[in-house]
Amino acid sequence: MMQNTQWRFRPDQPATYRIEIEGKLCERCAGWFDGMDIAVRSGEDGSTITTLTGVVSDQAALHGLLGSIRDLGLLLLFVRRVEDQDPEG
């Protein structure tokens with residue numbers, strides 16, 4: 001079996017992510033995601049959706065963010081690496 005050695009993404013490098021959760025973060029909870037841009041919008045069904053967007057240092061840090069979402073009892077809707085943004089700036 002041949003492995004693809006040309007990675008477009010390295011899990012040990014910074015990457016920009018967009019994470020969507022149901023509901024609106026309270027001020028206290030928003031502090032858990034310091035450094036992330038936070039935007040709130042209405043979903044098509046009238047629900048409230050919060051989007052967190054920002055650079056995450058590596059996959060371990062991403063798992064930490066997802067753990068925080070779980071620990072806060074928030075419903076995770078969507079996680080995506082944003083490829084068209086440069087995580088370095």
# chains A, B, ... in the order shown; residues from 1 in each chain; ligands from 1

$ residues_around --residues "Trp32 in chain A" --least-positions-apart "5" --cutoff "10 Å" --atoms "only C-alpha atoms" --output "PyMOL selection string"
chain A and resi 25+27+65+68-69+72

$ write_last_selection --atoms "C-alpha atoms" --output "compact mmCIF listing (two decimals), in the first residue's frame"
# COMPACT_ATOMS: atom_id res chain seq x y z
CA LEU A 25 -22.40 31.86 24.48
CA GLU A 27 -19.99 36.22 28.60
CA LEU A 65 -11.56 23.42 22.30
CA SER A 68 -14.54 22.77 26.32
CA ILE A 69 -17.64 22.80 24.14
CA LEU A 72 -20.09 23.47 28.76

$ residues_around --residues "range 33-49 of chain A" --least-positions-apart "6" --cutoff "9 Å" --atoms "only C-alpha atoms" --output "list in words"
Glu20, Ile21, Glu22, Gly23, Lys24, Leu25, Val55, Val56, Leu65, Ser68 and Leu77 of chain A

$ atom_distance --atom1 "CA of Ile19 in chain A" --atom2 "CA of Arg80 in chain A"
6.5 Å

$ select_by_dssp --residues "chain A" --states "alpha helix (DSSP H)" --output "PyMOL selection string"
chain A and resi 27-30+59-71

$ write_last_selection --atoms "C-alpha atoms" --output "CSV table (one decimal), in the first residue's frame"
chain,number,residue,atom,x,y,z
A,27,GLU,CA,-20.0,36.2,28.6
A,28,ARG,CA,-18.4,33.8,31.1
A,29,CYS,CA,-18.3,31.0,28.5
A,30,ALA,CA,-17.0,33.2,25.7
A,59,GLN,CA,-4.8,19.2,16.6
A,60,ALA,CA,-4.3,18.8,20.4
A,61,ALA,CA,-5.5,22.4,20.9
A,62,LEU,CA,-8.5,21.7,18.6
A,63,HIS,CA,-9.4,18.7,20.8
A,64,GLY,CA,-9.1,20.9,23.8
A,65,LEU,CA,-11.6,23.4,22.3
A,66,LEU,CA,-14.0,20.6,21.4
A,67,GLY,CA,-13.6,19.3,25.0
A,68,SER,CA,-14.5,22.8,26.3
A,69,ILE,CA,-17.6,22.8,24.1
A,70,ARG,CA,-18.6,19.4,25.5
A,71,ASP,CA,-17.9,20.4,29.1

$ atom_distance --atom1 "CA of Thr51 in chain A" --atom2 "CA of Pro14 in chain A"
18.9 Å

$ closest_residue --among "A:Leu75, A:Ser57, A:Leu52, A:Gly31" --to "Asp12 in chain A" --atoms "only C-alpha atoms"
A:Ser57

$ atom_distance --atom1 "CA of Gly73 in chain A" --atom2 "CA of Ala15 in chain A"
25.0 Å

$ decode --residues "chain A" --atoms "C-alpha atoms" --output "compact mmCIF listing (two decimals), in the first residue's frame"
# COMPACT_ATOMS: atom_id res chain seq x y z
CA MET A 1 0.00 0.00 0.00
CA MET A 2 1.43 3.36 -1.02
CA GLN A 3 1.15 6.34 1.29
CA ASN A 4 0.56 9.89 0.12
CA THR A 5 3.54 11.87 1.42
CA GLN A 6 2.32 15.26 0.16
CA TRP A 7 0.24 16.68 2.98
CA ARG A 8 -1.62 19.92 2.41
CA PHE A 9 -2.24 19.97 6.13
CA ARG A 10 -0.05 18.99 9.06
CA PRO A 11 -1.78 18.18 12.36
CA ASP A 12 1.14 19.58 14.36
CA GLN A 13 0.93 23.01 12.70
CA PRO A 14 -1.47 25.95 13.22
CA ALA A 15 -4.65 26.02 11.15
CA THR A 16 -7.74 28.19 11.01
CA TYR A 17 -11.01 26.54 12.05
CA ARG A 18 -14.68 27.44 11.97
CA ILE A 19 -16.76 25.83 14.72
CA GLU A 20 -20.52 26.23 14.99
CA ILE A 21 -22.55 25.53 18.09
CA GLU A 22 -26.23 25.85 18.87
CA GLY A 23 -27.22 28.75 21.09
CA LYS A 24 -25.46 31.89 22.23
CA LEU A 25 -22.40 31.86 24.48
CA CYS A 26 -22.75 33.74 27.74
CA GLU A 27 -19.99 36.22 28.60
CA ARG A 28 -18.40 33.77 31.05
CA CYS A 29 -18.34 30.96 28.48
CA ALA A 30 -16.98 33.21 25.74
CA GLY A 31 -13.83 33.63 27.86
CA TRP A 32 -13.08 29.94 27.33
CA PHE A 33 -12.54 30.70 23.65
CA ASP A 34 -10.25 33.71 24.01
CA GLY A 35 -8.64 34.65 20.72
CA MET A 36 -11.49 33.25 18.61
CA ASP A 37 -13.80 35.54 16.66
CA ILE A 38 -17.35 34.98 17.89
CA ALA A 39 -20.38 35.68 15.70
CA VAL A 40 -24.02 34.97 16.46
CA ARG A 41 -26.70 34.49 13.81
CA SER A 42 -30.15 33.01 13.34
CA GLY A 43 -30.44 29.65 11.66
CA GLU A 44 -32.95 28.89 8.92
CA ASP A 45 -35.26 27.34 11.52
CA GLY A 46 -35.03 30.39 13.80
CA SER A 47 -32.50 28.82 16.16
CA THR A 48 -29.49 30.77 17.42
CA ILE A 49 -26.09 29.66 16.13
CA THR A 50 -22.72 30.85 17.43
CA THR A 51 -19.71 30.61 15.13
CA LEU A 52 -16.18 30.54 16.53
CA THR A 53 -13.44 31.24 13.99
CA GLY A 54 -9.72 31.46 14.61
CA VAL A 55 -6.28 29.96 14.48
CA VAL A 56 -5.77 26.81 16.54
CA SER A 57 -2.15 25.91 17.28
CA ASP A 58 -2.43 22.18 16.48
CA GLN A 59 -4.77 19.17 16.63
CA ALA A 60 -4.27 18.77 20.39
CA ALA A 61 -5.49 22.35 20.91
CA LEU A 62 -8.47 21.68 18.63
CA HIS A 63 -9.41 18.68 20.76
CA GLY A 64 -9.12 20.92 23.83
CA LEU A 65 -11.56 23.42 22.30
CA LEU A 66 -13.97 20.64 21.43
CA GLY A 67 -13.65 19.32 24.99
CA SER A 68 -14.54 22.77 26.32
CA ILE A 69 -17.64 22.80 24.14
CA ARG A 70 -18.59 19.39 25.52
CA ASP A 71 -17.85 20.41 29.12
CA LEU A 72 -20.09 23.47 28.76
CA GLY A 73 -22.93 21.23 27.57
CA LEU A 74 -23.10 22.99 24.20
CA LEU A 75 -24.40 21.27 21.08
CA LEU A 76 -21.67 21.04 18.43
CA LEU A 77 -23.07 21.55 14.93
CA PHE A 78 -20.06 21.93 12.65
CA VAL A 79 -16.25 21.89 12.63
CA ARG A 80 -14.22 22.73 9.55
CA ARG A 81 -10.65 23.66 8.79
CA VAL A 82 -10.69 26.86 6.72
CA GLU A 83 -8.21 26.31 3.92
CA ASP A 84 -8.33 29.68 2.21
CA GLN A 85 -6.93 31.61 5.19
CA ASP A 86 -3.26 31.73 6.12
CA PRO A 87 -2.91 30.69 9.79
CA GLU A 88 0.31 32.70 10.04
CA GLY A 89 -1.37 36.02 9.42
